[in-house]
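One structure below.
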Amino acid sequence: METIETETATRWLTDAEQCAWRTHLDVSRLLMHQLEKDLQPFGLTNNDYEILVNLSESEGLRMRMSDLATSTLQSKSRLSHQITRMETAGLVRRVNCESDRRGLYAVLTDEGMELMRKVAPHHVASVRRHFIDLLSPAALAALRESLNPVADHLRDNRGKV
């Protein structure tokens with residue numbers, strides 16, 4: 001069994017680090033809550049919308065379920081339940097993979113694509129109203145530059161202990 005090495009002395013956060021961390025948590029939670037609230041009139045959750053976006057941007061409007069789970073950071077089981085719900089709503093369908101009998105694709109239906117066309121302008125307006133338009137172009141550039149190393153690190157370490 002592999003052990004995880006820990007430092008002998010905890011490097012506690014400074015007041016400035018603690019403030020930055022908690023501000024990030026607050027913004028992340030509050031923004032995602034607001035975006036979810038703005039999707040509710042369309043009968044969608046953030047997870048639903050993310051799946052629809054992934055499928056709408058994929059070749060053939062389809063993705064292997066395992067790739068979609070990875071892309072949306074969901075367990076295969078959780079994604080399966082979500083896709084079942086979205087199938088019932090007529091937004092997606094499952095199709096067997098011809099090259100791998102165990103594999104399945106999630107495919108965006110015409111109804112799902114129509115909903116994406118309807119919802120996307122509202123979602124973009126929500127993102128602008130609650131995030132983009134509140135920051136200057138310089139602040140957005142600084143934020144992107146600041147967060148890229150964190151995003152790269154987390155992508156590189158996805159699935160690792």
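Ligands are numbered from 1 in the order shown, residues from 1 within each chain, and chains are lettered A, B, ... in the order they appear in the structure tokens.
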### Message
as a VMD selection string, please: the residues near range 33-45 of chain A (cut-off 12 Å, only C-alpha atoms, same-chain neighbours under 6 positions excluded).
### Response
chain A and resid 26 to 27 51 to 52 82 85 to 86 89 91 112 114 to 131
Checklist entry - What residues in chain A get the DSSP label helix (DSSP H, G or I)? Please answer as a PyMOL selection string. => result chain A and resi 15-42+46-56+59-61+65-71+76-88+110-130+132-134+137-156
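Restricting the calculation to only C-alpha atoms, the smallest distance between Lys76 in chain A and any of A:Leu55, A:Leu104, A:Leu140, A:Ala20 is found for A:Leu104.
Between CA of Gly103 in chain A and CA of Arg62 in chain A the separation is 12.6 Å.
Every residue of chain A found in strand (DSSP E or B) when DSSP is run on the backbone appears here: Arg62, Met63, Arg64, Val92, Arg93, Arg94, Val95, Asn96, Leu104, Tyr105, Ala106, Val107 and Leu108 of chain A.
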Would you output that residue set with all heavy atoms, as a compact mmCIF listing (two decimals), in the first residue's frame?
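Ended up saving to part_11.txt:
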# COMPACT_ATOMS: atom_id res chain seq x y z
N ARG A 62 -21.91 13.47 -29.95
CA ARG A 62 -21.89 12.27 -29.11
C ARG A 62 -20.54 12.13 -28.44
O ARG A 62 -19.53 12.55 -28.96
CB ARG A 62 -22.22 11.04 -29.93
CG ARG A 62 -21.21 10.81 -31.04
CD ARG A 62 -21.72 9.88 -32.10
NE ARG A 62 -21.21 8.54 -31.92
CZ ARG A 62 -21.77 7.45 -32.39
NH1 ARG A 62 -22.87 7.52 -33.08
NH2 ARG A 62 -21.22 6.28 -32.20
N MET A 63 -20.58 11.48 -27.29
CA MET A 63 -19.36 11.17 -26.54
C MET A 63 -19.54 9.82 -25.87
O MET A 63 -20.65 9.47 -25.45
CB MET A 63 -19.09 12.21 -25.43
CG MET A 63 -18.59 13.54 -25.91
SD MET A 63 -18.29 14.67 -24.52
CE MET A 63 -16.74 14.04 -23.88
N ARG A 64 -18.43 9.09 -25.76
CA ARG A 64 -18.47 7.87 -24.95
C ARG A 64 -18.81 8.26 -23.53
O ARG A 64 -18.36 9.29 -23.03
CB ARG A 64 -17.12 7.16 -25.00
CG ARG A 64 -16.87 6.45 -26.32
CD ARG A 64 -15.59 5.66 -26.24
NE ARG A 64 -15.76 4.53 -25.35
CZ ARG A 64 -15.78 3.26 -25.73
NH1 ARG A 64 -15.61 2.95 -26.99
NH2 ARG A 64 -15.94 2.29 -24.85
N VAL A 92 -31.19 13.57 -24.47
CA VAL A 92 -30.09 12.72 -24.92
C VAL A 92 -30.61 11.29 -25.11
O VAL A 92 -31.71 10.97 -24.65
CB VAL A 92 -28.90 12.71 -23.92
CG1 VAL A 92 -28.31 14.09 -23.72
CG2 VAL A 92 -29.31 12.11 -22.59
N ARG A 93 -29.83 10.49 -25.76
CA ARG A 93 -30.13 9.07 -25.84
C ARG A 93 -28.81 8.32 -25.77
O ARG A 93 -27.75 8.87 -26.03
CB ARG A 93 -30.91 8.72 -27.10
CG ARG A 93 -30.21 9.03 -28.38
CD ARG A 93 -31.15 8.82 -29.58
NE ARG A 93 -30.57 9.37 -30.78
CZ ARG A 93 -29.75 8.74 -31.60
NH1 ARG A 93 -29.42 7.47 -31.35
NH2 ARG A 93 -29.26 9.32 -32.65
N ARG A 94 -28.89 7.06 -25.38
CA ARG A 94 -27.72 6.20 -25.34
C ARG A 94 -27.69 5.34 -26.58
O ARG A 94 -28.73 4.85 -27.02
CB ARG A 94 -27.74 5.30 -24.11
CG ARG A 94 -27.46 6.03 -22.83
CD ARG A 94 -27.52 5.04 -21.68
NE ARG A 94 -28.45 5.53 -20.70
CZ ARG A 94 -28.18 5.62 -19.41
NH1 ARG A 94 -27.03 5.21 -18.94
NH2 ARG A 94 -29.06 6.09 -18.57
N VAL A 95 -26.49 5.15 -27.09
CA VAL A 95 -26.30 4.32 -28.28
C VAL A 95 -25.14 3.39 -28.00
O VAL A 95 -24.11 3.81 -27.46
CB VAL A 95 -25.99 5.19 -29.53
CG1 VAL A 95 -25.67 4.34 -30.73
CG2 VAL A 95 -27.15 6.13 -29.81
N ASN A 96 -25.27 2.13 -28.38
CA ASN A 96 -24.19 1.17 -28.21
C ASN A 96 -23.01 1.55 -29.09
O ASN A 96 -23.19 2.03 -30.21
CB ASN A 96 -24.65 -0.24 -28.55
CG ASN A 96 -25.59 -0.79 -27.52
OD1 ASN A 96 -25.48 -0.50 -26.34
ND2 ASN A 96 -26.54 -1.59 -27.96
N LEU A 104 -20.81 2.59 -24.37
CA LEU A 104 -22.02 3.34 -24.72
C LEU A 104 -21.65 4.77 -25.06
O LEU A 104 -20.71 5.34 -24.49
CB LEU A 104 -23.01 3.35 -23.56
CG LEU A 104 -23.76 2.08 -23.23
CD1 LEU A 104 -24.57 2.28 -21.95
CD2 LEU A 104 -24.68 1.70 -24.37
N TYR A 105 -22.42 5.35 -25.96
CA TYR A 105 -22.31 6.76 -26.26
C TYR A 105 -23.53 7.49 -25.70
O TYR A 105 -24.63 6.94 -25.70
CB TYR A 105 -22.31 7.00 -27.78
CG TYR A 105 -21.02 6.66 -28.47
CD1 TYR A 105 -20.89 5.45 -29.15
CD2 TYR A 105 -19.96 7.54 -28.47
CE1 TYR A 105 -19.72 5.14 -29.81
CE2 TYR A 105 -18.78 7.23 -29.13
CZ TYR A 105 -18.67 6.03 -29.80
OH TYR A 105 -17.51 5.72 -30.45
N ALA A 106 -23.32 8.71 -25.25
CA ALA A 106 -24.43 9.63 -24.98
C ALA A 106 -24.51 10.50 -26.23
O ALA A 106 -23.50 11.03 -26.69
CB ALA A 106 -24.16 10.47 -23.75
N VAL A 107 -25.71 10.64 -26.78
CA VAL A 107 -25.92 11.38 -28.01
C VAL A 107 -26.95 12.48 -27.76
O VAL A 107 -28.00 12.23 -27.17
CB VAL A 107 -26.42 10.45 -29.14
CG1 VAL A 107 -26.63 11.23 -30.44
CG2 VAL A 107 -25.46 9.29 -29.35
N LEU A 108 -26.63 13.68 -28.20
CA LEU A 108 -27.55 14.81 -28.08
C LEU A 108 -28.69 14.64 -29.10
O LEU A 108 -28.42 14.43 -30.28
CB LEU A 108 -26.79 16.11 -28.34
CG LEU A 108 -27.53 17.42 -28.09
CD1 LEU A 108 -27.93 17.54 -26.62
CD2 LEU A 108 -26.64 18.60 -28.49
